[in-house]
$ cat upload-v1.pdb   # PDB, C-alpha atoms, pLDDT in the B column
ATOM      1  CA  PRO A   1     -16.944  -7.760  -3.973  1.00 39.00           C
ATOM      2  CA  GLY A   2     -13.965 -10.054  -3.676  1.00 41.00           C
ATOM      3  CA  GLY A   3     -12.214 -11.345  -6.750  1.00 47.00           C
ATOM      4  CA  GLN A   4     -12.406  -8.064  -8.632  1.00 51.00           C
ATOM      5  CA  HIS A   5      -9.900  -5.444  -9.577  1.00 51.00           C
ATOM      6  CA  GLN A   6     -10.439  -2.082 -11.173  1.00 51.00           C
ATOM      7  CA  THR A   7      -8.054   0.190 -13.011  1.00 48.00           C
ATOM      8  CA  LEU A   8      -8.018   3.873 -12.228  1.00 46.00           C
ATOM      9  CA  SER A   9      -6.564   6.888 -13.968  1.00 39.00           C
ATOM     10  CA  ASN A  10      -6.050   9.716 -11.503  1.00 35.00           C
ATOM     11  CA  LYS A  11      -3.603  12.521 -11.010  1.00 31.00           C
ATOM     12  CA  PRO A  12      -0.433  11.220  -9.328  1.00 31.00           C
ATOM     13  CA  ASP A  13      -0.855  10.939  -5.580  1.00 33.00           C
ATOM     14  CA  ASN A  14       2.012  13.301  -4.822  1.00 30.00           C
ATOM     15  CA  ALA A  15       0.164  16.069  -6.681  1.00 27.00           C
ATOM     16  CA  ILE A  16      -1.880  16.707  -3.542  1.00 27.00           C
ATOM     17  CA  LEU A  17       0.055  15.058  -0.724  1.00 29.00           C
ATOM     18  CA  ALA A  18       3.170  16.642   0.714  1.00 29.00           C
ATOM     19  CA  ASN A  19       5.438  15.727   3.634  1.00 34.00           C
ATOM     20  CA  HIS A  20       3.187  17.610   6.034  1.00 38.00           C
ATOM     21  CA  PRO A  21      -0.579  17.795   5.408  1.00 43.00           C
ATOM     22  CA  HIS A  22      -2.114  21.249   5.247  1.00 45.00           C
ATOM     23  CA  PRO A  23      -4.077  22.203   8.413  1.00 50.00           C
ATOM     24  CA  ARG A  24      -7.322  22.276   6.408  1.00 54.00           C
ATOM     25  CA  GLU A  25      -6.605  18.746   5.185  1.00 48.00           C
ATOM     26  CA  ILE A  26      -5.930  17.593   8.752  1.00 51.00           C
ATOM     27  CA  ALA A  27      -9.209  19.129   9.916  1.00 59.00           C
ATOM     28  CA  GLY A  28     -11.054  17.450   7.051  1.00 58.00           C
ATOM     29  CA  ARG A  29      -9.520  14.076   7.842  1.00 51.00           C
ATOM     30  CA  ARG A  30     -10.456  14.391  11.501  1.00 54.00           C
ATOM     31  CA  ARG A  31     -14.055  15.329  10.651  1.00 61.00           C
ATOM     32  CA  ALA A  32     -14.272  12.318   8.324  1.00 54.00           C
ATOM     33  CA  ASP A  33     -12.881  10.006  11.022  1.00 50.00           C
ATOM     34  CA  LEU A  34     -15.363  11.313  13.573  1.00 55.00           C
ATOM     35  CA  ARG A  35     -18.256  10.929  11.128  1.00 57.00           C
ATOM     36  CA  LEU A  36     -17.220   7.348  10.346  1.00 51.00           C
ATOM     37  CA  GLY A  37     -16.796   6.510  14.002  1.00 51.00           C
ATOM     38  CA  LEU A  38     -13.072   5.838  13.661  1.00 46.00           C
ATOM     39  CA  LEU A  39     -12.308   8.375  16.387  1.00 46.00           C
ATOM     40  CA  ASP A  40     -13.830   9.673  19.576  1.00 50.00           C
ATOM     41  CA  SER A  41     -13.947  13.426  20.006  1.00 53.00           C
ATOM     42  CA  SER A  42     -11.330  13.194  22.755  1.00 51.00           C
ATOM     43  CA  ASP A  43      -8.822  11.252  20.633  1.00 46.00           C
ATOM     44  CA  SER A  44      -5.591  12.927  19.588  1.00 45.00           C
ATOM     45  CA  VAL A  45      -4.240  11.625  16.275  1.00 43.00           C
ATOM     46  CA  HIS A  46      -1.217  12.579  14.183  1.00 41.00           C
ATOM     47  CA  TYR A  47      -2.095  12.614  10.484  1.00 42.00           C
ATOM     48  CA  ALA A  48       0.676  11.828   8.006  1.00 40.00           C
ATOM     49  CA  PRO A  49       0.398  11.514   4.214  1.00 42.00           C
ATOM     50  CA  ASP A  50      -0.857   8.110   3.072  1.00 42.00           C
ATOM     51  CA  MET A  51       1.451   8.306   0.080  1.00 43.00           C
ATOM     52  CA  ALA A  52       4.163  10.884  -0.214  1.00 46.00           C
ATOM     53  CA  GLN A  53       7.855  11.625  -0.323  1.00 46.00           C
ATOM     54  CA  GLY A  54       7.953  11.440   3.462  1.00 49.00           C
ATOM     55  CA  SER A  55       6.737   8.665   5.743  1.00 48.00           C
ATOM     56  CA  GLY A  56       5.968   8.296   9.442  1.00 54.00           C
ATOM     57  CA  ILE A  57       7.133   4.662   9.226  1.00 63.00           C
ATOM     58  CA  GLU A  58      10.525   4.561  10.917  1.00 62.00           C
ATOM     59  CA  TRP A  59      12.097   1.967   8.620  1.00 69.00           C
ATOM     60  CA  THR A  60      11.292   3.671   5.313  1.00 81.00           C
ATOM     61  CA  GLU A  61      11.469   7.124   3.730  1.00 87.00           C
ATOM     62  CA  ALA A  62       8.525   7.111   1.331  1.00 88.00           C
ATOM     63  CA  THR A  63       5.476   5.064   0.360  1.00 89.00           C
ATOM     64  CA  TRP A  64       4.209   4.117  -3.097  1.00 92.00           C
ATOM     65  CA  ASN A  65       0.749   2.668  -3.690  1.00 92.00           C
ATOM     66  CA  PRO A  66      -0.011   1.629  -7.283  1.00 94.00           C
ATOM     67  CA  VAL A  67      -2.381  -0.979  -5.786  1.00 94.00           C
ATOM     68  CA  ALA A  68      -5.136  -0.377  -3.238  1.00 92.00           C
ATOM     69  CA  GLY A  69      -7.107  -2.995  -1.350  1.00 92.00           C
ATOM     70  CA  CYS A  70      -6.446  -6.403   0.165  1.00 93.00           C
ATOM     71  CA  THR A  71      -8.051  -9.450   1.801  1.00 91.00           C
ATOM     72  CA  PRO A  72      -7.474 -10.634   5.384  1.00 90.00           C
ATOM     73  CA  ILE A  73      -5.385 -13.786   5.189  1.00 92.00           C
ATOM     74  CA  SER A  74      -4.133 -14.528   8.714  1.00 91.00           C
ATOM     75  CA  PRO A  75      -4.308 -13.254  12.333  1.00 89.00           C
ATOM     76  CA  GLY A  76      -1.751 -10.569  11.548  1.00 84.00           C
ATOM     77  CA  CYS A  77      -4.446  -8.820   9.515  1.00 87.00           C
ATOM     78  CA  LEU A  78      -6.524  -8.133  12.618  1.00 84.00           C
ATOM     79  CA  ASN A  79      -6.723  -4.394  13.348  1.00 81.00           C
ATOM     80  CA  CYS A  80      -4.987  -3.620  10.025  1.00 84.00           C
ATOM     81  CA  TYR A  81      -4.003   0.058   9.910  1.00 84.00           C
ATOM     82  CA  ALA A  82      -4.350   0.079   6.114  1.00 86.00           C
ATOM     83  CA  ALA A  83      -7.990  -1.048   6.213  1.00 84.00           C
ATOM     84  CA  ARG A  84      -8.805   1.725   8.649  1.00 87.00           C
ATOM     85  CA  MET A  85      -7.014   4.284   6.506  1.00 86.00           C
ATOM     86  CA  ALA A  86      -8.643   3.032   3.279  1.00 85.00           C
ATOM     87  CA  LEU A  87     -12.087   3.358   4.836  1.00 82.00           C
ATOM     88  CA  ARG A  88     -11.314   6.971   5.640  1.00 85.00           C
ATOM     89  CA  LEU A  89      -9.609   7.863   2.368  1.00 83.00           C
ATOM     90  CA  GLU A  90     -12.483   6.702   0.160  1.00 79.00           C
ATOM     91  CA  HIS A  91     -14.633   9.413   1.766  1.00 76.00           C
ATOM     92  CA  ILE A  92     -12.140  12.161   0.932  1.00 75.00           C
ATOM     93  CA  SER A  93     -13.018  13.833  -2.361  1.00 60.00           C
ATOM     94  CA  GLU A  94      -9.486  14.632  -3.517  1.00 62.00           C
ATOM     95  CA  SER A  95      -7.284  13.335  -6.316  1.00 59.00           C
ATOM     96  CA  GLY A  96      -5.453  10.155  -5.391  1.00 66.00           C
ATOM     97  CA  CYS A  97      -8.148   8.914  -3.001  1.00 79.00           C
ATOM     98  CA  ALA A  98     -10.572   7.428  -5.551  1.00 82.00           C
ATOM     99  CA  LYS A  99      -8.476   4.247  -5.669  1.00 88.00           C
ATOM    100  CA  TYR A 100      -9.667   3.319  -2.181  1.00 87.00           C
ATOM    101  CA  LYS A 101     -13.363   3.237  -3.097  1.00 87.00           C
ATOM    102  CA  GLY A 102     -14.935  -0.077  -2.132  1.00 85.00           C
ATOM    103  CA  THR A 103     -11.727  -1.549  -0.725  1.00 86.00           C
ATOM    104  CA  ALA A 104     -12.764  -1.492   2.944  1.00 83.00           C
ATOM    105  CA  LYS A 105     -15.877  -1.766   5.074  1.00 89.00           C
ATOM    106  CA  ARG A 106     -16.910  -2.216   8.680  1.00 89.00           C
ATOM    107  CA  SER A 107     -17.210  -5.754  10.004  1.00 85.00           C
ATOM    108  CA  LYS A 108     -20.112  -6.818  12.209  1.00 83.00           C
ATOM    109  CA  ASN A 109     -18.192  -5.760  15.312  1.00 83.00           C
ATOM    110  CA  GLY A 110     -17.425  -2.361  13.792  1.00 85.00           C
ATOM    111  CA  ARG A 111     -13.779  -3.031  12.980  1.00 86.00           C
ATOM    112  CA  PRO A 112     -12.574  -1.742   9.569  1.00 87.00           C
ATOM    113  CA  VAL A 113     -11.639  -4.654   7.290  1.00 87.00           C
ATOM    114  CA  PHE A 114     -10.633  -5.017   3.670  1.00 89.00           C
ATOM    115  CA  THR A 115     -13.331  -6.299   1.309  1.00 88.00           C
ATOM    116  CA  GLY A 116     -11.092  -8.142  -1.159  1.00 90.00           C
ATOM    117  CA  ARG A 117     -11.616  -5.535  -3.867  1.00 93.00           C
ATOM    118  CA  ILE A 118      -8.393  -4.585  -5.637  1.00 93.00           C
ATOM    119  CA  ASN A 119      -8.021  -1.262  -7.473  1.00 91.00           C
ATOM    120  CA  LEU A 120      -5.081  -0.599  -9.783  1.00 93.00           C
ATOM    121  CA  ASP A 121      -3.760   2.928 -10.220  1.00 91.00           C
ATOM    122  CA  TYR A 122      -1.708   3.118 -13.413  1.00 91.00           C
ATOM    123  CA  ASP A 123      -0.923   6.816 -12.964  1.00 87.00           C
ATOM    124  CA  ALA A 124       0.766   6.101  -9.635  1.00 90.00           C
ATOM    125  CA  LEU A 125       3.161   3.723 -11.398  1.00 92.00           C
ATOM    126  CA  GLU A 126       5.305   6.605 -12.597  1.00 90.00           C
ATOM    127  CA  LEU A 127       5.758   8.244  -9.206  1.00 91.00           C
ATOM    128  CA  PRO A 128       9.229   6.812  -8.332  1.00 93.00           C
ATOM    129  CA  ARG A 129      10.590   8.015 -11.667  1.00 93.00           C
ATOM    130  CA  ARG A 130       9.865  11.596 -10.581  1.00 90.00           C
ATOM    131  CA  TRP A 131      11.961  11.232  -7.436  1.00 87.00           C
ATOM    132  CA  ARG A 132      15.517  11.854  -8.569  1.00 85.00           C
ATOM    133  CA  LYS A 133      17.034  11.642  -5.109  1.00 89.00           C
ATOM    134  CA  GLY A 134      17.401   8.054  -3.961  1.00 92.00           C
ATOM    135  CA  ARG A 135      15.320   6.884  -1.011  1.00 91.00           C
ATOM    136  CA  ARG A 136      13.891   3.784   0.639  1.00 92.00           C
ATOM    137  CA  ILE A 137      10.367   3.235  -0.690  1.00 93.00           C
ATOM    138  CA  PHE A 138       7.760   0.999   0.941  1.00 93.00           C
ATOM    139  CA  VAL A 139       5.849  -0.566  -1.959  1.00 95.00           C
ATOM    140  CA  ASN A 140       2.084  -0.906  -1.458  1.00 92.00           C
ATOM    141  CA  SER A 141       1.747   0.102   2.159  1.00 89.00           C
ATOM    142  CA  MET A 142      -2.023  -0.016   1.488  1.00 91.00           C
ATOM    143  CA  SER A 143      -2.125  -3.431  -0.186  1.00 93.00           C
ATOM    144  CA  ASP A 144      -0.091  -6.548  -1.001  1.00 94.00           C
ATOM    145  CA  LEU A 145       1.624  -6.562  -4.380  1.00 97.00           C
ATOM    146  CA  PHE A 146       1.310 -10.353  -4.484  1.00 97.00           C
ATOM    147  CA  HIS A 147      -2.414 -10.477  -3.733  1.00 96.00           C
ATOM    148  CA  GLU A 148      -3.980 -13.152  -5.934  1.00 95.00           C
ATOM    149  CA  ASN A 149      -6.243 -10.600  -7.655  1.00 95.00           C
ATOM    150  CA  VAL A 150      -3.428  -8.305  -8.761  1.00 96.00           C
ATOM    151  CA  PRO A 151      -2.855  -9.292 -12.424  1.00 96.00           C
ATOM    152  CA  ALA A 152       0.562 -10.748 -13.152  1.00 97.00           C
ATOM    153  CA  ALA A 153       1.000  -8.187 -15.930  1.00 97.00           C
ATOM    154  CA  PHE A 154       0.551  -5.355 -13.441  1.00 97.00           C
ATOM    155  CA  VAL A 155       3.067  -6.937 -11.061  1.00 97.00           C
ATOM    156  CA  ARG A 156       5.518  -6.957 -13.958  1.00 98.00           C
ATOM    157  CA  ASP A 157       4.732  -3.271 -14.615  1.00 97.00           C
ATOM    158  CA  VAL A 158       5.581  -2.465 -11.004  1.00 98.00           C
ATOM    159  CA  PHE A 159       8.822  -4.419 -11.230  1.00 98.00           C
ATOM    160  CA  LYS A 160       9.731  -2.626 -14.465  1.00 98.00           C
ATOM    161  CA  VAL A 161       9.525   0.716 -12.650  1.00 97.00           C
ATOM    162  CA  MET A 162      11.654  -0.632  -9.797  1.00 98.00           C
ATOM    163  CA  ASN A 163      14.176  -2.009 -12.293  1.00 98.00           C
ATOM    164  CA  ASP A 164      14.361   1.365 -14.030  1.00 97.00           C
ATOM    165  CA  CYS A 165      14.957   3.344 -10.811  1.00 97.00           C
ATOM    166  CA  PRO A 166      18.290   2.092  -9.392  1.00 97.00           C
ATOM    167  CA  GLN A 167      18.601   5.231  -7.270  1.00 96.00           C
ATOM    168  CA  HIS A 168      15.904   3.875  -4.932  1.00 96.00           C
ATOM    169  CA  GLN A 169      15.691   0.893  -2.608  1.00 96.00           C
ATOM    170  CA  PHE A 170      12.233  -0.685  -2.879  1.00 97.00           C
ATOM    171  CA  GLN A 171      10.865  -2.500   0.164  1.00 96.00           C
ATOM    172  CA  VAL A 172       8.196  -5.055  -0.758  1.00 96.00           C
ATOM    173  CA  LEU A 173       6.429  -6.666   2.190  1.00 94.00           C
ATOM    174  CA  THR A 174       4.004  -9.538   1.593  1.00 96.00           C
ATOM    175  CA  LYS A 175       1.987 -12.122   3.491  1.00 95.00           C
ATOM    176  CA  ARG A 176       1.815 -14.129   0.254  1.00 96.00           C
ATOM    177  CA  PRO A 177       5.382 -15.297  -0.479  1.00 97.00           C
ATOM    178  CA  ASP A 178       3.939 -18.432  -2.097  1.00 97.00           C
ATOM    179  CA  HIS A 179       2.415 -16.317  -4.866  1.00 97.00           C
ATOM    180  CA  ALA A 180       5.592 -14.255  -5.065  1.00 97.00           C
ATOM    181  CA  LEU A 181       7.456 -17.514  -5.677  1.00 97.00           C
ATOM    182  CA  GLU A 182       5.042 -18.414  -8.473  1.00 97.00           C
ATOM    183  CA  LEU A 183       5.782 -15.109 -10.235  1.00 97.00           C
ATOM    184  CA  ALA A 184       9.474 -14.900  -9.351  1.00 97.00           C
ATOM    185  CA  ASP A 185      10.797 -16.153 -12.690  1.00 97.00           C
ATOM    186  CA  SER A 186       8.640 -13.721 -14.685  1.00 97.00           C
ATOM    187  CA  VAL A 187      10.163 -10.558 -13.156  1.00 97.00           C
ATOM    188  CA  ARG A 188      13.673  -9.155 -12.824  1.00 98.00           C
ATOM    189  CA  TRP A 189      15.036  -8.960  -9.274  1.00 97.00           C
ATOM    190  CA  THR A 190      17.478  -6.094  -9.413  1.00 98.00           C
ATOM    191  CA  PRO A 191      19.636  -5.463  -6.300  1.00 97.00           C
ATOM    192  CA  ASN A 192      17.501  -2.475  -5.277  1.00 97.00           C
ATOM    193  CA  ILE A 193      14.445  -4.670  -4.563  1.00 97.00           C
ATOM    194  CA  TRP A 194      14.106  -5.967  -1.006  1.00 96.00           C
ATOM    195  CA  LEU A 195      11.441  -8.613  -0.390  1.00 96.00           C
ATOM    196  CA  GLY A 196      10.183  -9.378   3.108  1.00 96.00           C
ATOM    197  CA  THR A 197       7.344 -11.285   4.707  1.00 95.00           C
ATOM    198  CA  SER A 198       5.264 -11.040   7.874  1.00 91.00           C
ATOM    199  CA  VAL A 199       5.392 -13.822  10.462  1.00 93.00           C
ATOM    200  CA  GLU A 200       2.953 -13.081  13.282  1.00 91.00           C
ATOM    201  CA  ASN A 201       3.288 -16.416  15.066  1.00 92.00           C
ATOM    202  CA  ALA A 202       4.881 -19.873  14.774  1.00 94.00           C
ATOM    203  CA  MET A 203       2.100 -21.124  12.500  1.00 94.00           C
ATOM    204  CA  TYR A 204       3.341 -18.835   9.733  1.00 94.00           C
ATOM    205  CA  ILE A 205       7.075 -19.378  10.011  1.00 95.00           C
ATOM    206  CA  HIS A 206       6.819 -21.349   6.753  1.00 95.00           C
ATOM    207  CA  ARG A 207       6.605 -17.986   4.988  1.00 96.00           C
ATOM    208  CA  ILE A 208      10.295 -17.485   5.728  1.00 96.00           C
ATOM    209  CA  GLU A 209      11.188 -20.814   4.149  1.00 96.00           C
ATOM    210  CA  THR A 210       9.165 -19.895   1.046  1.00 97.00           C
ATOM    211  CA  LEU A 211      10.875 -16.508   0.890  1.00 96.00           C
ATOM    212  CA  ARG A 212      14.273 -18.197   0.828  1.00 96.00           C
ATOM    213  CA  LEU A 213      13.327 -19.986  -2.371  1.00 96.00           C
ATOM    214  CA  ILE A 214      12.897 -16.755  -4.305  1.00 93.00           C
TER
END

$ encode --input "upload-v1.pdb" --output "structure tokens"
Amino acid sequence: PGGQHQTLSNKPDNAILANHPHPREIAGRRRADLRLGLLDSSDSVHYAPDMAQGSGIEWTEATWNPVAGCTPISPGCLNCYAARMALRLEHISESGCAKYKGTAKRSKNGRPVFTGRINLDYDALELPRRWRKGRRIFVNSMSDLFHENVPAAFVRDVFKVMNDCPQHQFQVLTKRPDHALELADSVRWTPNIWLGTSVENAMYIHRIETLRLI
């Protein structure tokens, strides 16, 4: 249910996810998608790691997900890719996927949506420290670091890792810059942290103005 968060202790996500999924993993993902009704049998889908040293997102080089789960907040959340992926991942019985349990469901019209449940993965916190070569890292591609149910202490833990890894550029994207502003003075904004916001239409252009205050 909404308003909850859960801490998890799993093996680090990169222990099982590499730049290119194994064919057996791809087959398993496709079977799970078909069983959940996320795909038709005729669909052709490219499966990339949900969290790994490589990323299919053109503007980043890696993803890092110490938080899983979110809550729809505006029209830009419609057809969220992360909700669809979370619904699939919670049915995969492999290390690193347990964090997605209960974070997504199907809406009345069948569309995958986030439930509001937030799961914290403390083991995943250390992942960037293991990457010695610098890279651009998308932080919480499967959540929003500034979701109201992510404890402020955990946000500070995430920032501490980013502060301690100057070899990386961390890309933090949020639809909640107002909450980011509330926490801004309690964290250290080192030059390797990039903060951005989503503006899906003119009604949400105020997010840019809030971002400028941080």

$ resolve_selection --input "upload-v1.pdb" --expression "the PyMOL selection byres ((chain A and resi 174) around 9)" --output "PDB file with C-alpha atoms, in the coordinates of the input"
ATOM      1  CA  SER A 143      -2.125  -3.431  -0.186  1.00 93.00           C
ATOM      2  CA  ASP A 144      -0.091  -6.548  -1.001  1.00 94.00           C
ATOM      3  CA  LEU A 145       1.624  -6.562  -4.380  1.00 97.00           C
ATOM      4  CA  PHE A 146       1.310 -10.353  -4.484  1.00 97.00           C
ATOM      5  CA  HIS A 147      -2.414 -10.477  -3.733  1.00 96.00           C
ATOM      6  CA  VAL A 172       8.196  -5.055  -0.758  1.00 96.00           C
ATOM      7  CA  LEU A 173       6.429  -6.666   2.190  1.00 94.00           C
ATOM      8  CA  LYS A 175       1.987 -12.122   3.491  1.00 95.00           C
ATOM      9  CA  ARG A 176       1.815 -14.129   0.254  1.00 96.00           C
ATOM     10  CA  PRO A 177       5.382 -15.297  -0.479  1.00 97.00           C
ATOM     11  CA  ALA A 180       5.592 -14.255  -5.065  1.00 97.00           C
ATOM     12  CA  LEU A 195      11.441  -8.613  -0.390  1.00 96.00           C
ATOM     13  CA  GLY A 196      10.183  -9.378   3.108  1.00 96.00           C
ATOM     14  CA  THR A 197       7.344 -11.285   4.707  1.00 95.00           C
ATOM     15  CA  SER A 198       5.264 -11.040   7.874  1.00 91.00           C
TER      16      SER A 198
END

$ resolve_selection --input "upload-v1.pdb" --expression "the PyMOL selection byres ((chain A and resi 106) around 12)" --output "number ranges by chain"
A: 36-38, 79, 83-84, 86-88, 102-105, 107-115

$ closest_residue --input "upload-v1.pdb" --among "A:Val187, A:Ala68, A:Met162, A:Ala152" --to "Ala98 of chain A" --atoms "all atoms listed in the file"
A:Ala68

$ residues_around --input "upload-v1.pdb" --residues "Glu148 of chain A" --least-positions-apart "5" --cutoff "10 Å" --atoms "all atoms listed in the file" --output "list in words"
Gly3, Cys70, Thr71, Gly116, Ile118, Arg176, His179 and Ala180 of chain A

$ resolve_selection --input "upload-v1.pdb" --expression "the PyMOL selection byres ((chain A and resi 120) around 12)" --output "PyMOL selection string"
chain A and resi 4-10+65-70+96+98-101+103+117-119+121-125+140+142-145+147+149-151+153-155+157-158

$ atom_distance --input "upload-v1.pdb" --atom1 "atom CA of Ile208 of chain A" --atom2 "atom CA of Trp189 of chain A"
17.9 Å

$ atom_distance --input "upload-v1.pdb" --atom1 "atom CA of Tyr81 of chain A" --atom2 "atom CA of Glu126 of chain A"
25.2 Å

$ atom_distance --input "upload-v1.pdb" --atom1 "atom CA of Trp131 of chain A" --atom2 "atom CA of Phe159 of chain A"
16.4 Å

$ closest_residue --input "upload-v1.pdb" --among "A:Phe138, A:Ala184, A:Arg156, A:Cys97" --to "His168 of chain A" --atoms "only C-alpha atoms"
A:Phe138

$ closest_residue --input "upload-v1.pdb" --among "A:Phe170, A:Thr60, A:Ser141, A:Thr190" --to "Cys80 of chain A" --atoms "only C-alpha atoms"
A:Ser141

$ closest_residue --input "upload-v1.pdb" --among "A:Leu211, A:Ala62, A:Leu89, A:Ala82" --to "Glu182 of chain A" --atoms "all atoms listed in the file"
A:Leu211
